[in-house]
>>> print(open('my_file.cif').read())   # mmCIF, C-alpha atoms (C1' of nucleotides)
data_start
loop_
_atom_site.label_atom_id
_atom_site.label_comp_id
_atom_site.auth_asym_id
_atom_site.auth_seq_id
_atom_site.Cartn_x
_atom_site.Cartn_y
_atom_site.Cartn_z
CA MET A 189 81.52 98.57 -21.26
CA SER A 190 79.33 96.07 -23.07
CA ASP A 191 80.60 93.78 -25.77
CA ILE A 192 78.71 95.61 -28.47
CA ALA A 193 80.13 98.98 -27.38
CA GLU A 194 83.65 97.75 -27.99
CA ARG A 195 82.83 96.42 -31.44
CA VAL A 196 80.97 99.60 -32.35
CA GLY A 197 83.92 101.70 -31.23
CA ARG A 198 86.30 99.85 -33.53
CA ILE A 199 83.90 100.16 -36.46
CA LEU A 200 83.42 103.90 -35.99
CA ASP A 201 87.13 104.56 -35.48
CA ASP A 202 88.22 102.82 -38.69
CA PRO A 203 88.32 105.44 -41.46
CA GLU A 204 88.23 102.66 -44.06
CA ASN A 205 84.56 102.21 -43.17
CA TRP A 206 83.57 105.83 -43.85
CA PRO A 207 84.39 107.16 -47.31
CA SER A 208 83.60 110.82 -47.89
CA ASP A 209 83.21 110.43 -51.63
CA PRO A 210 80.13 108.75 -53.18
CA LYS A 211 82.35 106.98 -55.72
CA GLU A 212 84.32 105.29 -52.95
CA ALA A 213 81.11 104.50 -51.10
CA VAL A 214 79.75 102.60 -54.10
CA ALA A 215 83.04 100.69 -54.43
CA LEU A 216 82.88 99.79 -50.75
CA GLN A 217 79.33 98.50 -51.19
CA ARG A 218 80.43 96.31 -54.09
CA ARG A 219 83.27 94.86 -52.03
CA MET A 220 81.19 94.22 -48.91
CA ALA A 221 78.01 92.90 -50.55
CA GLY A 222 79.62 89.49 -50.97
CA ARG A 223 79.80 89.09 -47.21
CA VAL A 224 76.03 89.20 -46.70
CA ARG A 225 74.61 85.87 -45.51
CA ALA A 226 70.96 84.86 -45.73
CA GLU A 227 70.49 81.99 -43.30
CA PRO A 228 67.81 80.67 -40.96
CA LEU A 229 67.44 82.47 -37.65
CA ASP A 230 66.51 80.46 -34.59
CA ALA A 231 63.36 82.33 -33.58
CA SER A 232 63.32 80.64 -30.16
CA ALA A 233 66.68 82.26 -29.40
CA VAL A 234 65.35 85.75 -30.11
CA ARG A 235 64.61 87.33 -26.74
CA THR A 236 65.21 90.97 -27.59
CA VAL A 237 64.92 93.06 -30.76
CA ALA A 238 66.36 96.53 -31.29
CA GLY A 239 64.64 99.15 -33.46
CA LEU A 240 66.86 101.84 -34.99
CA ASP A 241 66.09 105.24 -36.49
CA VAL A 242 67.44 108.75 -37.09
CA SER A 243 65.66 112.12 -37.09
CA TYR A 244 67.08 115.06 -39.07
CA ALA A 245 66.67 118.83 -38.77
CA LYS A 246 65.33 120.70 -41.77
CA ASP A 247 68.07 123.28 -42.35
CA ASP A 248 70.59 122.52 -39.65
CA SER A 249 73.03 119.59 -39.75
CA ALA A 250 71.73 118.45 -36.36
CA LEU A 251 70.31 114.97 -35.96
CA SER A 252 69.33 112.51 -33.26
CA ALA A 253 69.55 108.73 -33.40
CA ALA A 254 67.73 106.19 -31.26
CA ALA A 255 68.02 102.51 -30.42
CA VAL A 256 65.07 100.96 -28.58
CA VAL A 257 65.23 97.39 -27.32
CA LEU A 258 62.00 95.42 -26.97
CA ASP A 259 61.19 92.07 -25.43
CA ALA A 260 60.30 90.03 -28.52
CA ALA A 261 57.54 88.16 -26.69
CA THR A 262 55.78 90.95 -24.80
CA LEU A 263 56.85 93.88 -27.03
CA GLU A 264 57.62 95.87 -23.91
CA VAL A 265 60.52 98.32 -23.99
CA VAL A 266 63.52 96.88 -22.18
CA GLU A 267 65.99 99.70 -22.81
CA SER A 268 66.28 102.80 -24.96
CA VAL A 269 68.99 105.31 -25.81
CA ALA A 270 69.08 108.47 -27.91
CA ILE A 271 72.11 110.51 -28.95
CA ALA A 272 72.64 113.84 -30.70
CA SER A 273 75.07 114.20 -33.59
CA GLU A 274 75.54 115.88 -36.95
CA VAL A 275 75.19 114.90 -40.58
CA SER A 276 78.47 113.59 -42.02
CA PHE A 277 77.34 112.36 -45.47
CA PRO A 278 74.73 113.75 -47.92
CA TYR A 279 71.49 111.94 -48.57
CA ILE A 280 71.98 109.98 -51.78
CA SER A 281 69.48 107.30 -52.62
CA GLY A 282 71.37 104.01 -52.62
CA LEU A 283 74.05 105.38 -50.27
CA PHE A 284 71.69 105.93 -47.40
CA SER A 285 73.68 103.84 -44.92
CA PHE A 286 76.73 106.10 -45.03
CA ARG A 287 74.56 108.88 -43.66
CA GLU A 288 72.48 106.86 -41.24
CA LEU A 289 74.86 104.31 -39.72
CA PRO A 290 77.41 106.48 -37.86
CA PRO A 291 74.78 107.95 -35.49
CA VAL A 292 72.95 104.61 -35.28
CA LEU A 293 76.19 102.89 -34.23
CA GLU A 294 76.82 105.60 -31.66
CA ALA A 295 73.44 104.89 -30.13
CA LEU A 296 74.03 101.12 -30.21
CA GLY A 297 77.31 101.64 -28.42
CA ARG A 298 75.51 103.14 -25.44
CA LEU A 299 73.25 100.15 -24.95
CA GLU A 300 73.76 98.17 -21.74
CA THR A 301 72.19 95.08 -23.26
CA THR A 302 73.17 93.34 -26.50
CA PRO A 303 69.99 92.71 -28.55
CA ASP A 304 69.57 89.42 -30.40
CA VAL A 305 68.22 90.96 -33.63
CA TYR A 306 68.25 94.48 -35.13
CA LEU A 307 65.56 96.15 -37.23
CA CYS A 308 66.44 98.95 -39.65
CA ASP A 309 64.08 101.47 -41.26
CA GLY A 310 65.24 100.68 -44.82
CA PHE A 311 66.40 97.81 -47.02
CA GLY A 312 68.94 95.02 -46.95
CA LEU A 313 69.24 92.95 -50.13
CA ALA A 314 66.43 94.86 -51.88
CA HIS A 315 69.00 97.36 -53.11
CA PRO A 316 70.60 97.98 -56.53
CA ARG A 317 73.90 96.53 -55.29
CA ARG A 318 72.26 94.22 -52.70
CA PHE A 319 73.75 96.26 -49.87
CA GLY A 320 71.18 98.47 -48.19
CA VAL A 321 71.50 99.84 -44.67
CA ALA A 322 70.35 96.62 -42.99
CA SER A 323 72.98 94.56 -44.80
CA HIS A 324 75.64 97.17 -44.16
CA LEU A 325 74.94 97.19 -40.42
CA GLY A 326 74.70 93.41 -40.31
CA VAL A 327 78.05 92.85 -42.01
CA LEU A 328 79.79 95.48 -39.88
CA LEU A 329 78.51 93.91 -36.64
CA ASP A 330 78.21 90.34 -37.93
CA LEU A 331 74.84 90.11 -36.20
CA PRO A 332 71.29 89.40 -37.47
CA VAL A 333 69.66 92.46 -39.05
CA VAL A 334 66.30 92.81 -40.81
CA GLY A 335 65.28 95.61 -43.19
CA SER A 336 61.73 97.02 -43.04
CA ALA A 337 61.10 99.97 -45.34
CA LYS A 338 58.03 102.14 -45.96
CA SER A 339 58.49 102.63 -49.72
CA VAL A 340 60.30 101.00 -52.61
CA LEU A 341 63.85 101.76 -53.67
CA TYR A 342 64.49 99.00 -56.17
CA GLY A 343 62.75 95.96 -57.60
CA ARG A 344 59.32 95.06 -58.91
CA HIS A 345 56.31 93.41 -57.34
CA SER A 346 52.58 92.95 -57.50
CA GLU A 347 50.16 94.13 -54.83
CA PRO A 348 49.47 91.75 -51.91
CA GLY A 349 45.92 90.99 -50.75
CA ARG A 350 44.38 93.53 -48.42
CA GLU A 351 44.25 91.26 -45.35
CA ARG A 352 46.95 91.34 -42.68
CA GLY A 353 49.70 88.81 -43.33
CA SER A 354 49.30 88.56 -47.10
CA TRP A 355 52.41 89.19 -49.18
CA THR A 356 54.03 89.16 -52.60
CA PRO A 357 57.68 88.77 -53.57
CA MET A 358 59.94 91.62 -54.63
CA VAL A 359 62.06 90.68 -57.63
CA ALA A 360 65.26 92.28 -58.92
CA GLY A 361 64.87 94.64 -61.86
CA ARG A 362 63.29 97.93 -62.75
CA SER A 363 59.82 98.51 -61.40
CA GLU A 364 57.43 98.40 -64.35
CA VAL A 365 56.77 94.76 -65.05
CA VAL A 366 54.88 92.69 -62.49
CA PRO A 367 56.75 89.51 -61.53
CA ASP A 368 55.56 86.44 -63.36
CA SER A 369 54.50 83.60 -61.04
CA ALA A 370 55.63 80.96 -63.55
CA ALA A 371 59.10 82.49 -63.74
CA LEU A 372 59.24 82.61 -59.93
CA ALA A 373 58.29 78.95 -59.64
CA ALA A 374 60.95 78.07 -62.19
CA GLY A 375 63.50 79.93 -60.07
CA GLY A 376 64.36 82.24 -62.93
CA ALA A 377 63.93 85.43 -60.92
CA GLU A 378 66.04 86.79 -58.08
CA VAL A 379 63.81 87.36 -55.04
CA ILE A 380 65.22 90.27 -53.06
CA GLY A 381 62.47 90.98 -50.56
CA ARG A 382 58.81 90.76 -49.65
CA VAL A 383 55.89 93.17 -49.75
CA LEU A 384 54.06 92.46 -46.50
CA ARG A 385 50.65 93.68 -45.35
CA THR A 386 50.98 94.25 -41.60
CA ARG A 387 47.58 95.98 -41.29
CA ALA A 388 44.42 95.21 -43.27
CA GLY A 389 43.72 97.73 -45.99
CA VAL A 390 46.83 99.83 -45.18
CA LYS A 391 49.89 100.37 -47.38
CA PRO A 392 52.29 97.42 -46.89
CA VAL A 393 55.89 97.43 -45.63
CA TYR A 394 58.85 96.19 -47.65
CA VAL A 395 60.88 93.51 -45.88
CA SER A 396 64.31 92.30 -46.89
CA VAL A 397 67.19 90.28 -45.51
CA GLY A 398 69.86 92.40 -43.89
CA HIS A 399 72.29 89.74 -42.64
CA ARG A 400 72.18 86.35 -40.91
CA VAL A 401 68.44 85.86 -41.35
CA ASP A 402 66.47 84.43 -44.26
CA LEU A 403 63.50 86.08 -45.93
CA ASP A 404 60.90 83.85 -44.27
CA GLY A 405 62.39 84.54 -40.86
CA ALA A 406 62.62 88.26 -41.54
CA ALA A 407 59.00 88.49 -42.66
CA ASP A 408 57.74 86.33 -39.77
CA LEU A 409 59.56 88.57 -37.34
CA VAL A 410 58.26 91.80 -38.87
CA LEU A 411 54.68 90.51 -38.81
CA ARG A 412 55.01 89.41 -35.18
CA LEU A 413 56.40 92.80 -34.26
CA SER A 414 53.51 94.64 -35.98
CA PRO A 415 50.38 93.39 -34.17
CA LYS A 416 48.60 96.75 -34.25
CA TYR A 417 50.34 99.26 -36.48
CA ARG A 418 51.79 99.25 -39.96
CA VAL A 419 55.39 99.83 -38.85
CA PRO A 420 56.97 97.21 -36.54
CA GLU A 421 56.97 98.25 -32.88
CA PRO A 422 60.74 98.55 -32.34
CA VAL A 423 61.08 100.95 -35.28
CA ARG A 424 57.97 102.91 -34.21
CA HIS A 425 59.47 103.41 -30.77
CA ALA A 426 62.84 104.42 -32.19
CA ASP A 427 61.19 106.83 -34.62
CA ARG A 428 59.24 108.53 -31.86
CA LEU A 429 62.21 108.67 -29.50
CA CYS A 430 64.73 110.21 -31.90
CA GLY A 431 62.13 112.76 -33.06
CA GLU A 432 61.44 113.86 -29.49
CA HIS A 433 65.11 113.83 -28.63
CA ARG A 434 66.00 116.11 -31.53
CA LYS A 435 63.33 118.61 -30.51
CA GLU A 436 64.56 118.59 -26.91
CA VAL A 437 68.11 119.23 -28.08
CA LEU A 438 66.90 122.11 -30.25
CA ALA A 439 64.88 123.60 -27.38
CA ALA A 440 67.82 123.35 -24.98
CA ARG A 441 70.16 124.97 -27.50
CA THR A 442 67.71 127.77 -28.23
CA ALA A 443 67.25 128.43 -24.49
CA SER A 444 71.00 128.63 -23.83
CA GLU A 445 71.58 131.01 -26.72
CA GLU A 446 69.56 133.91 -25.32
"C1'" DG B 237 68.71 110.60 -72.89
"C1'" DC B 238 64.65 109.42 -69.63
"C1'" DG B 239 62.68 108.00 -65.41
"C1'" DA B 240 63.36 106.35 -60.55
"C1'" DC B 241 65.10 107.49 -56.38
"C1'" DA B 242 65.11 103.79 -48.72
"C1'" DG B 243 65.40 108.20 -45.03
"C1'" DA C 154 63.67 112.95 -43.71
"C1'" DT C 155 61.51 117.89 -42.40
"C1'" DC C 156 57.57 121.65 -42.15
"C1'" DT C 157 52.40 121.84 -40.70
"C1'" DT C 158 46.13 122.24 -39.31
"C1'" DG C 159 42.61 120.53 -39.82
"C1'" DT C 160 39.83 116.76 -40.99
"C1'" DC C 161 37.72 112.25 -42.17
"C1'" DG C 162 36.73 107.66 -40.18
"C1'" DC C 163 36.59 103.61 -36.91
#
>>> encode(input="my_file.cif", output="structure tokens")
Amino acid sequence: MSDIAERVGRILDDPENWPSDPKEAVALQRRMAGRVRAEPLDASAVRTVAGLDVSYAKDDSALSAAAVVLDAATLEVVESVAIASEVSFPYISGLFSFRELPPVLEALGRLETTPDVYLCDGFGLAHPRRFGVASHLGVLLDLPVVGSAKSVLYGRHSEPGRERGSWTPMVAGRSEVVPDSAALAAGGAEVIGRVLRTRAGVKPVYVSVGHRVDLDGAADLVLRLSPKYRVPEPVRHADRLCGEHRKEVLAARTASEE
DNA sequence: GCGACAG
DNA sequence: ATCTTGTCGC
């Protein structure tokens, strides 16, 4: 059993980690948010990156989760796992991680290798209580995690330039007012993430610190991992894999029922 | 009260 | 997120 499998097992088995009531979940977020650390990540030490995602059934409670490990230099798939499970928490915006992390951790536990960095399809600090799924996973594992989301949950920002690599900051607060560059320079605003254009002329992605990386490092990594498509490669692979896996599980179940 | 709301 | 066919553009 790999090192990460043991840690994942302890996390999943501790009922303190998995409240069933949204009220308790919010309280847990408030307690754990203080443990998030934004710090430089040694990019030269990053050999492998894991992309994580979950695919849900429309009516059913069935779901599949995937973890795909890529070589950070070549972007080739090193290892991938997919597991089937069931929904254990409702989808509530802001409490997304309580729904998504149990199956994600199950998948991580089946990995032979221990990735150096993890990429979540969602936010880290760019969250109303600064504790999105990427921060939640990072604190539970105490490993580097980056958040890369496809739409905004919280915060305000202006639009980045249309060329690949251009970006604007995401600032805490409700999303009507565009952040003021003078206020940013004066350090008066809390920067919680970055709107990053990974493909020219295509809707940007929203990057934030999960845990044990800083925002520059997180954005550099996401851009490196998105040489061709909008969504970073590890997450693209995980998205495709868990979608296929869920359909295979459904097909197998349907076949055995007749 | 109103609007917003990751996947 | 999921359910879905064709269609516009490089």
>>> residues_around(input="my_file.cif", residues="DA240 of chain B", least_positions_apart="4", cutoff="12 Å", atoms="only C-alpha atoms (C1' of nucleotides)", output="JSON, numbers by chain")
{"A": [281, 282, 316, 340, 341, 342, 343, 361, 362, 363, 364]}
>>> residues_around(input="my_file.cif", residues="DG243 of chain B", least_positions_apart="3", cutoff="10 Å", atoms="all atoms listed in the file", output="PyMOL selection string")
(chain A and resi 241-244+279-281+284-285+287-288+309-310+337-338) or (chain C and resi 154)
>>> atom_distance(input="my_file.cif", atom1="atom CA of Asp404 of chain A", atom2="atom CA of Glu267 of chain A")
27.2 Å
>>> residues_around(input="my_file.cif", residues="Ala233 of chain A", least_positions_apart="2", cutoff="12 Å", atoms="only C-alpha atoms (C1' of nucleotides)", output="VMD selection string")
chain A and resid 228 to 231 235 to 237 259 to 261 303 to 305 332
>>> resolve_selection(input="my_file.cif", expression="the PyMOL selection byres ((chain A and resi 266) around 9)", output="list in words")
Thr236, Val256, Val257, Leu258, Asp259, Leu263, Glu264, Val265, Glu267, Ser268 and Thr301 of chain A
>>> residues_around(input="my_file.cif", residues="Val321 of chain A", least_positions_apart="5", cutoff="12 Å", atoms="all atoms listed in the file", output="compact mmCIF listing (two decimals) with C-alpha atoms (C1' of nucleotides), in the coordinates of the input")
# COMPACT_ATOMS: atom_id res chain seq x y z
CA GLN A 217 79.33 98.50 -51.19
CA MET A 220 81.19 94.22 -48.91
CA ALA A 221 78.01 92.90 -50.55
CA VAL A 224 76.03 89.20 -46.70
CA LEU A 240 66.86 101.84 -34.99
CA ASP A 241 66.09 105.24 -36.49
CA SER A 281 69.48 107.30 -52.62
CA GLY A 282 71.37 104.01 -52.62
CA LEU A 283 74.05 105.38 -50.27
CA PHE A 284 71.69 105.93 -47.40
CA SER A 285 73.68 103.84 -44.92
CA PHE A 286 76.73 106.10 -45.03
CA ARG A 287 74.56 108.88 -43.66
CA GLU A 288 72.48 106.86 -41.24
CA LEU A 289 74.86 104.31 -39.72
CA PRO A 290 77.41 106.48 -37.86
CA VAL A 292 72.95 104.61 -35.28
CA LEU A 293 76.19 102.89 -34.23
CA TYR A 306 68.25 94.48 -35.13
CA LEU A 307 65.56 96.15 -37.23
CA CYS A 308 66.44 98.95 -39.65
CA ASP A 309 64.08 101.47 -41.26
CA GLY A 310 65.24 100.68 -44.82
CA PHE A 311 66.40 97.81 -47.02
CA GLY A 312 68.94 95.02 -46.95
CA LEU A 313 69.24 92.95 -50.13
CA ALA A 314 66.43 94.86 -51.88
CA HIS A 315 69.00 97.36 -53.11
CA GLY A 326 74.70 93.41 -40.31
CA VAL A 327 78.05 92.85 -42.01
CA LEU A 328 79.79 95.48 -39.88
CA VAL A 333 69.66 92.46 -39.05
CA VAL A 334 66.30 92.81 -40.81
CA GLY A 335 65.28 95.61 -43.19
CA SER A 336 61.73 97.02 -43.04
CA ALA A 337 61.10 99.97 -45.34
CA LEU A 341 63.85 101.76 -53.67
CA SER A 396 64.31 92.30 -46.89
CA VAL A 397 67.19 90.28 -45.51
CA GLY A 398 69.86 92.40 -43.89
CA HIS A 399 72.29 89.74 -42.64
C1' DA B 242 65.11 103.79 -48.72
C1' DG B 243 65.40 108.20 -45.03
>>> decode(input="my_file.cif", residues="segment 304-359 of chain A", atoms="C-alpha atoms", output="PDB file, in the first residue's frame")
ATOM      1  CA  ASP A 304       3.934  15.950  -6.332  1.00  0.00           C
ATOM      2  CA  VAL A 305       1.058  18.389  -6.964  1.00  0.00           C
ATOM      3  CA  TYR A 306      -2.736  18.029  -7.255  1.00  0.00           C
ATOM      4  CA  LEU A 307      -5.104  19.981  -9.497  1.00  0.00           C
ATOM      5  CA  CYS A 308      -8.777  20.372  -8.575  1.00  0.00           C
ATOM      6  CA  ASP A 309     -11.645  21.431 -10.836  1.00  0.00           C
ATOM      7  CA  GLY A 310     -12.785  24.250  -8.524  1.00  0.00           C
ATOM      8  CA  PHE A 311     -11.445  26.903  -6.148  1.00  0.00           C
ATOM      9  CA  GLY A 312      -9.117  27.159  -3.204  1.00  0.00           C
ATOM     10  CA  LEU A 313      -8.914  30.564  -1.513  1.00  0.00           C
ATOM     11  CA  ALA A 314     -11.309  32.166  -4.023  1.00  0.00           C
ATOM     12  CA  HIS A 315     -14.203  31.107  -1.821  1.00  0.00           C
ATOM     13  CA  PRO A 316     -16.522  33.018   0.554  1.00  0.00           C
ATOM     14  CA  ARG A 317     -14.795  31.436   3.568  1.00  0.00           C
ATOM     15  CA  ARG A 318     -11.436  30.970   1.781  1.00  0.00           C
ATOM     16  CA  PHE A 319     -11.859  27.206   1.864  1.00  0.00           C
ATOM     17  CA  GLY A 320     -12.816  25.794  -1.517  1.00  0.00           C
ATOM     18  CA  VAL A 321     -12.272  22.195  -2.573  1.00  0.00           C
ATOM     19  CA  ALA A 322      -8.593  22.694  -3.436  1.00  0.00           C
ATOM     20  CA  SER A 323      -7.831  24.118   0.006  1.00  0.00           C
ATOM     21  CA  HIS A 324      -9.900  21.443   1.708  1.00  0.00           C
ATOM     22  CA  LEU A 325      -8.029  18.650  -0.063  1.00  0.00           C
ATOM     23  CA  GLY A 326      -4.682  20.347   0.511  1.00  0.00           C
ATOM     24  CA  VAL A 327      -5.198  20.741   4.253  1.00  0.00           C
ATOM     25  CA  LEU A 328      -6.496  17.179   4.649  1.00  0.00           C
ATOM     26  CA  LEU A 329      -3.473  15.724   2.838  1.00  0.00           C
ATOM     27  CA  ASP A 330      -1.000  18.478   3.738  1.00  0.00           C
ATOM     28  CA  LEU A 331       0.217  18.419   0.140  1.00  0.00           C
ATOM     29  CA  PRO A 332       0.364  21.088  -2.618  1.00  0.00           C
ATOM     30  CA  VAL A 333      -3.004  21.600  -4.332  1.00  0.00           C
ATOM     31  CA  VAL A 334      -4.027  24.115  -6.999  1.00  0.00           C
ATOM     32  CA  GLY A 335      -7.585  25.178  -7.855  1.00  0.00           C
ATOM     33  CA  SER A 336      -8.566  25.736 -11.501  1.00  0.00           C
ATOM     34  CA  ALA A 337     -12.247  26.527 -12.058  1.00  0.00           C
ATOM     35  CA  LYS A 338     -14.292  27.194 -15.201  1.00  0.00           C
ATOM     36  CA  SER A 339     -16.600  29.864 -13.751  1.00  0.00           C
ATOM     37  CA  VAL A 340     -16.709  32.283 -10.845  1.00  0.00           C
ATOM     38  CA  LEU A 341     -18.059  31.485  -7.404  1.00  0.00           C
ATOM     39  CA  TYR A 342     -16.938  34.520  -5.448  1.00  0.00           C
ATOM     40  CA  GLY A 343     -14.941  37.696  -5.970  1.00  0.00           C
ATOM     41  CA  ARG A 344     -14.646  40.432  -8.557  1.00  0.00           C
ATOM     42  CA  HIS A 345     -12.301  40.998 -11.453  1.00  0.00           C
ATOM     43  CA  SER A 346     -11.811  42.718 -14.770  1.00  0.00           C
ATOM     44  CA  GLU A 347     -11.396  40.903 -18.078  1.00  0.00           C
ATOM     45  CA  PRO A 348      -7.849  39.853 -19.061  1.00  0.00           C
ATOM     46  CA  GLY A 349      -6.445  40.558 -22.538  1.00  0.00           C
ATOM     47  CA  ARG A 350      -7.420  38.094 -25.224  1.00  0.00           C
ATOM     48  CA  GLU A 351      -3.923  36.651 -25.769  1.00  0.00           C
ATOM     49  CA  ARG A 352      -2.786  33.444 -24.081  1.00  0.00           C
ATOM     50  CA  GLY A 353      -1.046  34.092 -20.764  1.00  0.00           C
ATOM     51  CA  SER A 354      -2.682  37.421 -19.952  1.00  0.00           C
ATOM     52  CA  TRP A 355      -4.407  37.683 -16.586  1.00  0.00           C
ATOM     53  CA  THR A 356      -6.157  39.889 -14.052  1.00  0.00           C
ATOM     54  CA  PRO A 357      -6.473  39.505 -10.283  1.00  0.00           C
ATOM     55  CA  MET A 358      -9.569  38.261  -8.502  1.00  0.00           C
ATOM     56  CA  VAL A 359     -10.348  40.336  -5.432  1.00  0.00           C
TER      57      VAL A 359
END
